[in-house]
$ cat upload.txt   # compact mmCIF, C-alpha atoms
# COMPACT_ATOMS: atom_id res chain seq x y z
CA MET A 1 -34.98 75.07 57.29
CA PRO A 2 -33.31 76.88 60.20
CA GLU A 3 -31.86 75.30 63.31
CA ARG A 4 -34.57 74.62 65.90
CA VAL A 5 -33.84 74.72 69.63
CA SER A 6 -35.96 74.33 72.76
CA VAL A 7 -36.77 77.18 75.15
CA LEU A 8 -38.72 76.14 78.24
CA GLY A 9 -39.88 73.08 76.32
CA TYR A 10 -41.09 74.99 73.25
CA PRO A 11 -39.50 75.28 69.80
CA LEU A 12 -37.65 78.35 68.58
CA ASP A 13 -36.14 78.67 65.11
CA ARG A 14 -32.83 80.47 64.66
CA LEU A 15 -33.14 82.78 61.65
CA SER A 16 -33.10 86.44 60.69
CA LEU A 17 -36.03 88.52 59.49
CA ASP A 18 -34.79 88.20 55.91
CA GLN A 19 -34.45 84.43 56.20
CA ALA A 20 -37.94 84.15 57.71
CA VAL A 21 -39.44 86.12 54.81
CA GLN A 22 -37.63 83.92 52.29
CA GLN A 23 -38.99 80.79 53.94
CA LEU A 24 -42.53 82.14 53.92
CA GLN A 25 -42.24 83.02 50.23
CA VAL A 26 -41.25 79.43 49.50
CA TRP A 27 -44.33 78.16 51.30
CA LEU A 28 -46.60 80.72 49.62
CA ALA A 29 -45.46 79.40 46.24
CA GLU A 30 -46.55 75.86 47.11
CA PRO A 31 -49.92 74.40 46.08
CA ALA A 32 -52.72 74.96 48.55
CA GLY A 33 -53.03 72.29 51.19
CA VAL A 34 -52.59 72.17 54.94
CA ALA A 35 -51.80 75.67 56.19
CA ARG A 36 -48.26 76.35 57.38
CA THR A 37 -48.59 78.00 60.80
CA VAL A 38 -46.23 80.66 62.14
CA VAL A 39 -45.90 81.62 65.80
CA THR A 40 -44.33 84.94 66.77
CA LEU A 41 -43.19 83.85 70.21
CA ASN A 42 -43.15 86.19 73.19
CA PRO A 43 -43.11 85.70 76.98
CA GLU A 44 -46.86 86.11 77.31
CA ILE A 45 -47.60 83.24 74.93
CA LEU A 46 -45.06 81.01 76.68
CA VAL A 47 -46.58 81.64 80.10
CA GLN A 48 -50.09 81.00 78.78
CA ALA A 49 -48.92 77.75 77.20
CA GLY A 50 -47.78 76.51 80.61
CA ASP A 51 -51.42 76.60 81.74
CA ASN A 52 -53.05 75.64 78.46
CA PRO A 53 -52.18 72.22 76.97
CA GLN A 54 -54.01 73.01 73.73
CA LEU A 55 -51.93 76.13 73.18
CA ALA A 56 -48.75 74.24 74.04
CA THR A 57 -49.60 71.61 71.43
CA CYS A 58 -50.25 74.25 68.76
CA ILE A 59 -46.92 75.97 69.40
CA ARG A 60 -45.02 72.69 69.22
CA ALA A 61 -46.79 71.78 65.97
CA ALA A 62 -46.08 75.14 64.28
CA ASP A 63 -44.01 75.13 61.11
CA LEU A 64 -42.07 78.25 62.08
CA VAL A 65 -41.53 79.82 65.52
CA VAL A 66 -39.68 83.15 65.63
CA ALA A 67 -38.47 85.26 68.55
CA ASP A 68 -40.92 88.15 68.56
CA GLY A 69 -39.96 89.59 71.92
CA VAL A 70 -36.66 90.59 73.50
CA GLY A 71 -37.65 88.40 76.46
CA VAL A 72 -37.46 85.29 74.29
CA VAL A 73 -34.04 86.33 72.96
CA TRP A 74 -32.89 86.85 76.57
CA ALA A 75 -34.30 83.49 77.63
CA ALA A 76 -32.50 81.66 74.83
CA LYS A 77 -29.20 83.20 75.93
CA GLN A 78 -29.80 82.42 79.61
CA LEU A 79 -30.58 78.81 78.76
CA GLY A 80 -27.43 78.38 76.69
CA ARG A 81 -29.17 78.27 73.31
CA GLY A 82 -26.97 80.96 71.80
CA ARG A 83 -27.84 84.25 70.17
CA PHE A 84 -31.11 84.90 68.37
CA GLU A 85 -32.25 87.80 66.23
CA ARG A 86 -35.61 89.33 67.01
CA VAL A 87 -38.25 88.86 64.33
CA PRO A 88 -41.18 91.04 65.51
CA GLY A 89 -44.54 90.04 64.10
CA ILE A 90 -45.28 93.50 62.68
CA GLU A 91 -41.93 93.58 60.86
CA LEU A 92 -42.35 90.04 59.58
CA CYS A 93 -45.76 90.68 58.02
CA THR A 94 -44.85 94.10 56.56
CA ALA A 95 -41.58 92.81 55.09
CA LEU A 96 -43.39 89.85 53.57
CA LEU A 97 -46.10 92.07 52.08
CA ALA A 98 -43.53 94.53 50.73
CA ARG A 99 -41.64 91.76 48.92
CA SER A 100 -44.71 89.92 47.62
CA ARG A 101 -46.73 92.45 45.63
CA GLY A 102 -50.08 91.13 44.49
CA LEU A 103 -50.23 88.59 47.32
CA THR A 104 -53.81 87.67 48.26
CA VAL A 105 -54.42 88.24 51.96
CA TYR A 106 -57.15 87.71 54.54
CA LEU A 107 -57.09 89.90 57.67
CA LEU A 108 -58.77 88.58 60.81
CA GLY A 109 -58.93 90.27 64.19
CA GLY A 110 -59.17 93.49 66.12
CA ARG A 111 -62.22 95.48 67.03
CA PRO A 112 -64.98 96.05 64.46
CA GLY A 113 -63.63 98.26 61.69
CA VAL A 114 -59.93 97.71 62.45
CA ALA A 115 -59.36 94.94 59.91
CA GLU A 116 -61.10 96.96 57.20
CA ARG A 117 -58.90 100.02 57.87
CA ALA A 118 -55.83 97.81 57.96
CA ALA A 119 -56.88 96.33 54.62
CA ARG A 120 -56.94 99.74 52.95
CA ALA A 121 -53.50 100.55 54.36
CA VAL A 122 -52.05 97.20 53.25
CA GLU A 123 -53.34 97.64 49.70
CA GLN A 124 -52.08 101.22 49.44
CA ARG A 125 -48.66 100.64 51.03
CA PHE A 126 -47.77 97.19 49.74
CA GLY A 127 -49.89 96.49 46.69
CA ALA A 128 -51.40 93.40 48.30
CA VAL A 129 -54.86 92.16 47.36
CA VAL A 130 -56.95 91.94 50.52
CA ILE A 131 -59.87 89.70 49.70
CA GLY A 132 -61.28 89.39 53.19
CA ALA A 133 -61.23 91.43 56.38
CA GLU A 134 -63.25 90.90 59.55
CA HIS A 135 -63.04 91.61 63.26
CA GLY A 136 -62.09 89.11 65.94
CA TYR A 137 -65.29 89.32 67.98
CA PHE A 138 -66.76 86.01 66.94
CA SER A 139 -67.83 83.11 69.10
CA ALA A 140 -65.05 80.69 70.01
CA ASP A 141 -67.38 77.71 69.80
CA ALA A 142 -67.42 75.25 66.90
CA ALA A 143 -70.26 77.04 65.08
CA GLY A 144 -68.74 80.52 65.36
CA GLU A 145 -65.26 79.45 64.32
CA GLY A 146 -66.64 77.22 61.59
CA GLU A 147 -68.34 80.15 59.88
CA VAL A 148 -65.14 82.19 59.94
CA VAL A 149 -63.07 79.30 58.62
CA ALA A 150 -65.56 78.77 55.79
CA ARG A 151 -65.26 82.42 54.73
CA ILE A 152 -61.47 82.28 54.79
CA ARG A 153 -61.41 79.10 52.72
CA ALA A 154 -63.94 80.45 50.21
CA SER A 155 -61.90 83.63 49.73
CA GLY A 156 -59.00 81.80 48.10
CA ALA A 157 -56.45 83.90 50.01
CA LYS A 158 -52.88 82.60 50.20
CA LEU A 159 -51.94 84.41 53.42
CA LEU A 160 -53.92 84.73 56.65
CA LEU A 161 -52.86 87.37 59.18
CA SER A 162 -54.68 86.81 62.47
CA GLY A 163 -54.68 89.40 65.22
CA LEU A 164 -56.86 87.54 67.70
CA GLY A 165 -54.57 88.04 70.67
CA ALA A 166 -51.78 85.93 72.13
CA GLY A 167 -52.87 82.34 72.56
CA ARG A 168 -56.23 82.53 70.84
CA GLN A 169 -54.76 83.09 67.37
CA GLU A 170 -52.30 80.19 67.74
CA ILE A 171 -55.07 77.82 68.85
CA PHE A 172 -57.33 78.98 66.01
CA HIS A 173 -54.62 78.25 63.43
CA GLY A 174 -53.67 74.92 64.96
CA ARG A 175 -57.26 73.74 65.28
CA HIS A 176 -58.25 74.65 61.70
CA ARG A 177 -55.04 74.36 59.67
CA GLN A 178 -56.51 71.49 57.66
CA ALA A 179 -59.56 73.53 56.63
CA LEU A 180 -58.35 77.14 56.25
CA GLY A 181 -57.29 76.71 52.62
CA VAL A 182 -54.45 79.24 52.93
CA GLN A 183 -50.78 78.44 52.40
CA VAL A 184 -49.53 80.38 55.43
CA ALA A 185 -51.22 81.58 58.64
CA ILE A 186 -49.35 84.01 60.89
CA GLY A 187 -50.39 85.14 64.37
CA VAL A 188 -49.67 88.88 64.42
CA GLY A 189 -51.18 90.02 67.73
CA GLY A 190 -51.77 93.77 67.69
CA SER A 191 -50.21 94.33 64.27
CA LEU A 192 -53.58 94.93 62.62
CA ASP A 193 -54.19 97.81 65.02
CA VAL A 194 -50.81 99.29 64.06
CA LEU A 195 -51.50 98.90 60.34
CA ALA A 196 -54.93 100.47 60.79
CA GLY A 197 -53.48 103.43 62.68
CA ALA A 198 -55.43 102.47 65.82
CA ALA A 199 -52.25 101.88 67.85
CA LYS A 200 -48.65 103.00 67.78
CA ARG A 201 -45.51 100.90 67.90
CA ALA A 202 -43.10 101.42 70.75
CA PRO A 203 -40.46 104.09 69.95
CA ALA A 204 -37.37 102.84 68.14
CA TRP A 205 -35.10 103.71 71.10
CA THR A 206 -36.95 101.25 73.36
CA SER A 207 -36.24 98.43 70.92
CA LYS A 208 -32.54 99.32 70.70
CA LEU A 209 -32.23 99.28 74.49
CA GLY A 210 -34.34 96.15 74.93
CA LEU A 211 -37.01 98.11 76.82
CA GLU A 212 -39.94 97.80 74.43
CA TRP A 213 -41.73 95.52 76.91
CA ALA A 214 -41.33 98.13 79.69
CA TRP A 215 -42.78 100.88 77.47
CA ARG A 216 -45.79 98.77 76.64
CA VAL A 217 -46.47 97.70 80.23
CA GLY A 218 -45.56 100.94 81.96
CA LEU A 219 -46.97 103.56 79.61
CA GLN A 220 -50.02 101.76 78.26
CA PRO A 221 -52.49 101.16 81.12
CA GLY A 222 -54.39 98.52 79.16
CA ARG A 223 -51.31 96.29 79.30
CA TRP A 224 -50.60 96.50 83.04
CA HIS A 225 -52.22 93.10 83.58
CA ARG A 226 -49.32 91.56 81.62
CA ALA A 227 -46.70 92.52 84.21
CA PRO A 228 -47.28 89.43 86.41
CA ARG A 229 -46.85 87.19 83.37
CA LEU A 230 -43.52 88.83 82.55
CA ALA A 231 -42.37 88.32 86.14
CA ARG A 232 -43.43 84.68 86.05
CA PHE A 233 -41.64 84.18 82.73
CA ALA A 234 -38.39 85.61 84.12
CA TRP A 235 -38.68 83.39 87.20
CA GLU A 236 -39.24 80.27 85.09
CA VAL A 237 -36.25 81.08 82.89
CA ARG A 238 -34.00 81.62 85.92
CA ARG A 239 -35.20 78.38 87.48
CA ALA A 240 -34.62 76.44 84.24
CA ALA A 241 -31.14 77.96 83.86
CA ARG A 242 -30.14 76.65 87.29
CA ARG A 243 -31.17 73.09 86.43
CA PRO A 244 -28.57 70.82 84.79
CA ASP A 245 -29.45 69.73 81.22

$ encode --input "upload.txt" --output "structure tokens"
Amino acid sequence: MPERVSVLGYPLDRLSLDQAVQQLQVWLAEPAGVARTVVTLNPEILVQAGDNPQLATCIRAADLVVADGVGVVWAAKQLGRGRFERVPGIELCTALLARSRGLTVYLLGGRPGVAERAARAVEQRFGAVVIGAEHGYFSADAAGEGEVVARIRASGAKLLLSGLGAGRQEIFHGRHRQALGVQVAIGVGGSLDVLAGAAKRAPAWTSKLGLEWAWRVGLQPGRWHRAPRLARFAWEVRRAARRPD
């Protein structure tokens, strides 16, 4: 297992994309039991966790926490935790699928029709076996979630990719990890939309310059509401960096 450090009171595992995929393959080869949960950590999730004790608990209980966003990599450096490699959720799930042909997968999330289109793309591109795909517009109460969990468990899938949105997907995995019946559950945010062709990734140059977050907030109006969270995250990191350990 990789070295685990603390960033703003939450775990972060130091490993590369390749190392993360290797670890997930080890877990996928294990007998079915309690689901291993994976958090692709970004500033938005961290800020939400500060106001949501249930989300905070689910992040701290996760089996693997990777630095999805450049903001988390920056925060780790500012807080003296050393250098981290980004492991974006979309790259983690596509690399895992590409190296695990025949893997049985359940896709959960997105608007109606998105998961189904993503399923066709995943099967064609990676040779995975998608044995369940459904949208994320289900009730968050016990009855609504219980029905979804029952379908996932009955499917016999080994891997669950949930694109329910930052915070909700982590809580869903943490709350039901005992009952999901999958070996690994990964929160992938908007990755299902990308796989389905319903959304585009930020251009490669933005990632190289560390400006992917600015592209998403500035050029995609639907994400403007996230700007205050990014500002709050930066303020909290700066404040924590000024405090003695």

$ closest_atom_pairs --input "upload.txt" --of "segment 64-177 of chain A" --to "segment 190-196 of chain A" --cutoff "7 Å" --atoms "all atoms listed in the file" --output "CSV"
residue,atom,partner,partner_atom,distance
A:Ile90,CA,A:Ser191,CA,5.2
A:Gly110,CA,A:Asp193,CA,6.7
A:Val114,CA,A:Ala196,CA,5.9
A:Ala115,CA,A:Leu192,CA,6.4
A:Arg117,CA,A:Ala196,CA,4.9
A:Ala118,CA,A:Ala196,CA,4.0
A:Ala121,CA,A:Leu195,CA,6.5
A:Gly163,CA,A:Gly190,CA,5.8

$ atom_distance --input "upload.txt" --atom1 "atom CA of Ala231 of chain A" --atom2 "atom CA of Pro43 of chain A"
9.6 Å

$ closest_atom_pairs --input "upload.txt" --of "segment 7-85 of chain A" --to "segment 139-160 of chain A" --cutoff "10 Å" --atoms "all atoms listed in the file" --output "CSV"
residue,atom,partner,partner_atom,distance
A:Leu24,CA,A:Leu159,CA,9.7
A:Trp27,CA,A:Lys158,CA,9.7
A:Leu28,CA,A:Lys158,CA,6.6
A:Ala29,CA,A:Lys158,CA,9.0
A:Glu30,CA,A:Lys158,CA,9.7
A:Pro31,CA,A:Lys158,CA,9.6
A:Ala32,CA,A:Lys158,CA,7.8
A:Ala35,CA,A:Leu159,CA,9.2
A:Arg36,CA,A:Leu159,CA,9.7
A:Thr37,CA,A:Leu160,CA,9.5

$ write_last_selection --input "upload.txt" --atoms "C-alpha atoms" --output "mmCIF file, in the frame of the given file"
data_model
loop_
_atom_site.group_PDB
_atom_site.id
_atom_site.type_symbol
_atom_site.label_atom_id
_atom_site.label_comp_id
_atom_site.auth_asym_id
_atom_site.auth_seq_id
_atom_site.Cartn_x
_atom_site.Cartn_y
_atom_site.Cartn_z
ATOM 1 C CA LEU A 24 -42.530 82.140 53.920
ATOM 2 C CA TRP A 27 -44.330 78.160 51.300
ATOM 3 C CA LEU A 28 -46.600 80.720 49.620
ATOM 4 C CA ALA A 29 -45.460 79.400 46.240
ATOM 5 C CA GLU A 30 -46.550 75.860 47.110
ATOM 6 C CA PRO A 31 -49.920 74.400 46.080
ATOM 7 C CA ALA A 32 -52.720 74.960 48.550
ATOM 8 C CA ALA A 35 -51.800 75.670 56.190
ATOM 9 C CA ARG A 36 -48.260 76.350 57.380
ATOM 10 C CA THR A 37 -48.590 78.000 60.800
#

$ residues_near_point --input "upload.txt" --point "(-51.7, 72.9, 56.1)" --cutoff "8 Å" --atoms "all atoms listed in the file" --output "PyMOL selection string"
chain A and resi 32-37+177-184

$ write_last_selection --input "upload.txt" --atoms "C-alpha atoms" --output "short mmCIF file (atom, residue, chain, number, x, y, z; two decimals), in the frame of the given file"
data_model
loop_
_atom_site.label_atom_id
_atom_site.label_comp_id
_atom_site.auth_asym_id
_atom_site.auth_seq_id
_atom_site.Cartn_x
_atom_site.Cartn_y
_atom_site.Cartn_z
CA ALA A 32 -52.72 74.96 48.55
CA GLY A 33 -53.03 72.29 51.19
CA VAL A 34 -52.59 72.17 54.94
CA ALA A 35 -51.80 75.67 56.19
CA ARG A 36 -48.26 76.35 57.38
CA THR A 37 -48.59 78.00 60.80
CA ARG A 177 -55.04 74.36 59.67
CA GLN A 178 -56.51 71.49 57.66
CA ALA A 179 -59.56 73.53 56.63
CA LEU A 180 -58.35 77.14 56.25
CA GLY A 181 -57.29 76.71 52.62
CA VAL A 182 -54.45 79.24 52.93
CA GLN A 183 -50.78 78.44 52.40
CA VAL A 184 -49.53 80.38 55.43
#

$ atom_distance --input "upload.txt" --atom1 "atom CA of Glu44 of chain A" --atom2 "atom CA of Leu230 of chain A"
6.8 Å

$ residues_around --input "upload.txt" --residues "Leu12 of chain A" --least-positions-apart "4" --cutoff "8 Å" --atoms "all atoms listed in the file" --output "compact mmCIF listing (two decimals) with C-alpha atoms, in the frame of the given file"
# COMPACT_ATOMS: atom_id res chain seq x y z
CA ARG A 4 -34.57 74.62 65.90
CA VAL A 5 -33.84 74.72 69.63
CA SER A 6 -35.96 74.33 72.76
CA VAL A 7 -36.77 77.18 75.15
CA LEU A 41 -43.19 83.85 70.21
CA LEU A 64 -42.07 78.25 62.08
CA VAL A 65 -41.53 79.82 65.52
CA VAL A 66 -39.68 83.15 65.63
CA ALA A 67 -38.47 85.26 68.55

$ residues_around --input "upload.txt" --residues "Cys93 of chain A" --least-positions-apart "6" --cutoff "9 Å" --atoms "only C-alpha atoms" --output "number ranges by chain"
A: 21, 161, 186, 188, 191

$ residues_around --input "upload.txt" --residues "Ala49 of chain A" --least-positions-apart "5" --cutoff "10 Å" --atoms "only C-alpha atoms" --output "MDAnalysis selection string"
chainID A and resid 10 43:44 54:59 167

$ axis_aligned_box --input "upload.txt" --around "segment 85-88 of chain A" --padding-each-side "8 Å" --output "JSON"
{"center_x": -36.7, "center_y": 89.4, "center_z": 65.7, "size_x": 24.9, "size_y": 19.2, "size_z": 18.7}

$ residues_around --input "upload.txt" --residues "Ala128 of chain A" --least-positions-apart "5" --cutoff "12 Å" --atoms "all atoms listed in the file" --output "list in words"
Cys93, Thr94, Ala95, Leu96, Leu97, Ala98, Arg99, Ser100, Arg101, Gly102, Leu103, Thr104, Val105, Tyr106, Leu107, Ala118, Ala119, Arg120, Ala121, Val122, Glu123, Ala157, Lys158 and Leu159 of chain A

$ build_atoms --input "upload.txt" --residues "segment 142-165 of chain A" --atoms "N, CA and C atoms" --output "compact mmCIF listing (two decimals), keeping the file's coordinate frame"
# COMPACT_ATOMS: atom_id res chain seq x y z
N ALA A 142 -67.60 75.91 68.20
CA ALA A 142 -67.42 75.25 66.90
C ALA A 142 -68.20 75.96 65.79
N ALA A 143 -69.43 76.39 66.11
CA ALA A 143 -70.26 77.04 65.08
C ALA A 143 -69.67 78.38 64.67
N GLY A 144 -69.28 79.20 65.66
CA GLY A 144 -68.74 80.52 65.36
C GLY A 144 -67.44 80.44 64.58
N GLU A 145 -66.54 79.59 65.02
CA GLU A 145 -65.26 79.45 64.32
C GLU A 145 -65.46 78.82 62.95
N GLY A 146 -66.39 77.89 62.86
CA GLY A 146 -66.64 77.22 61.59
C GLY A 146 -67.07 78.18 60.50
N GLU A 147 -67.90 79.17 60.86
CA GLU A 147 -68.34 80.15 59.88
C GLU A 147 -67.18 81.01 59.40
N VAL A 148 -66.30 81.39 60.31
CA VAL A 148 -65.14 82.19 59.94
C VAL A 148 -64.21 81.39 59.04
N VAL A 149 -63.95 80.15 59.42
CA VAL A 149 -63.07 79.30 58.62
C VAL A 149 -63.63 79.12 57.22
N ALA A 150 -64.93 78.95 57.10
CA ALA A 150 -65.56 78.77 55.79
C ALA A 150 -65.36 80.01 54.91
N ARG A 151 -65.46 81.19 55.50
CA ARG A 151 -65.26 82.42 54.73
C ARG A 151 -63.80 82.56 54.28
N ILE A 152 -62.89 82.21 55.15
CA ILE A 152 -61.47 82.28 54.79
C ILE A 152 -61.18 81.32 53.64
N ARG A 153 -61.66 80.11 53.76
CA ARG A 153 -61.41 79.10 52.72
C ARG A 153 -62.03 79.53 51.39
N ALA A 154 -63.25 80.05 51.44
CA ALA A 154 -63.94 80.45 50.21
C ALA A 154 -63.26 81.64 49.54
N SER A 155 -62.53 82.43 50.29
CA SER A 155 -61.90 83.63 49.73
C SER A 155 -60.79 83.30 48.75
N GLY A 156 -60.12 82.17 48.95
CA GLY A 156 -59.00 81.80 48.10
C GLY A 156 -57.70 82.51 48.44
N ALA A 157 -57.66 83.19 49.60
CA ALA A 157 -56.45 83.90 50.01
C ALA A 157 -55.29 82.93 50.24
N LYS A 158 -54.07 83.41 49.95
CA LYS A 158 -52.88 82.60 50.20
C LYS A 158 -52.34 82.83 51.61
N LEU A 159 -52.51 84.04 52.13
CA LEU A 159 -51.94 84.41 53.42
C LEU A 159 -53.04 84.86 54.37
N LEU A 160 -53.00 84.31 55.59
CA LEU A 160 -53.92 84.73 56.65
C LEU A 160 -53.11 85.40 57.75
N LEU A 161 -53.46 86.65 58.06
CA LEU A 161 -52.86 87.37 59.18
C LEU A 161 -53.92 87.50 60.26
N SER A 162 -53.69 86.84 61.39
CA SER A 162 -54.68 86.81 62.47
C SER A 162 -54.20 87.62 63.67
N GLY A 163 -54.97 88.61 64.04
CA GLY A 163 -54.68 89.40 65.22
C GLY A 163 -55.75 89.16 66.27
N LEU A 164 -55.83 87.93 66.74
CA LEU A 164 -56.86 87.54 67.70
C LEU A 164 -56.38 87.62 69.14
N GLY A 165 -55.13 88.00 69.33
CA GLY A 165 -54.57 88.04 70.67
C GLY A 165 -53.72 86.82 70.95
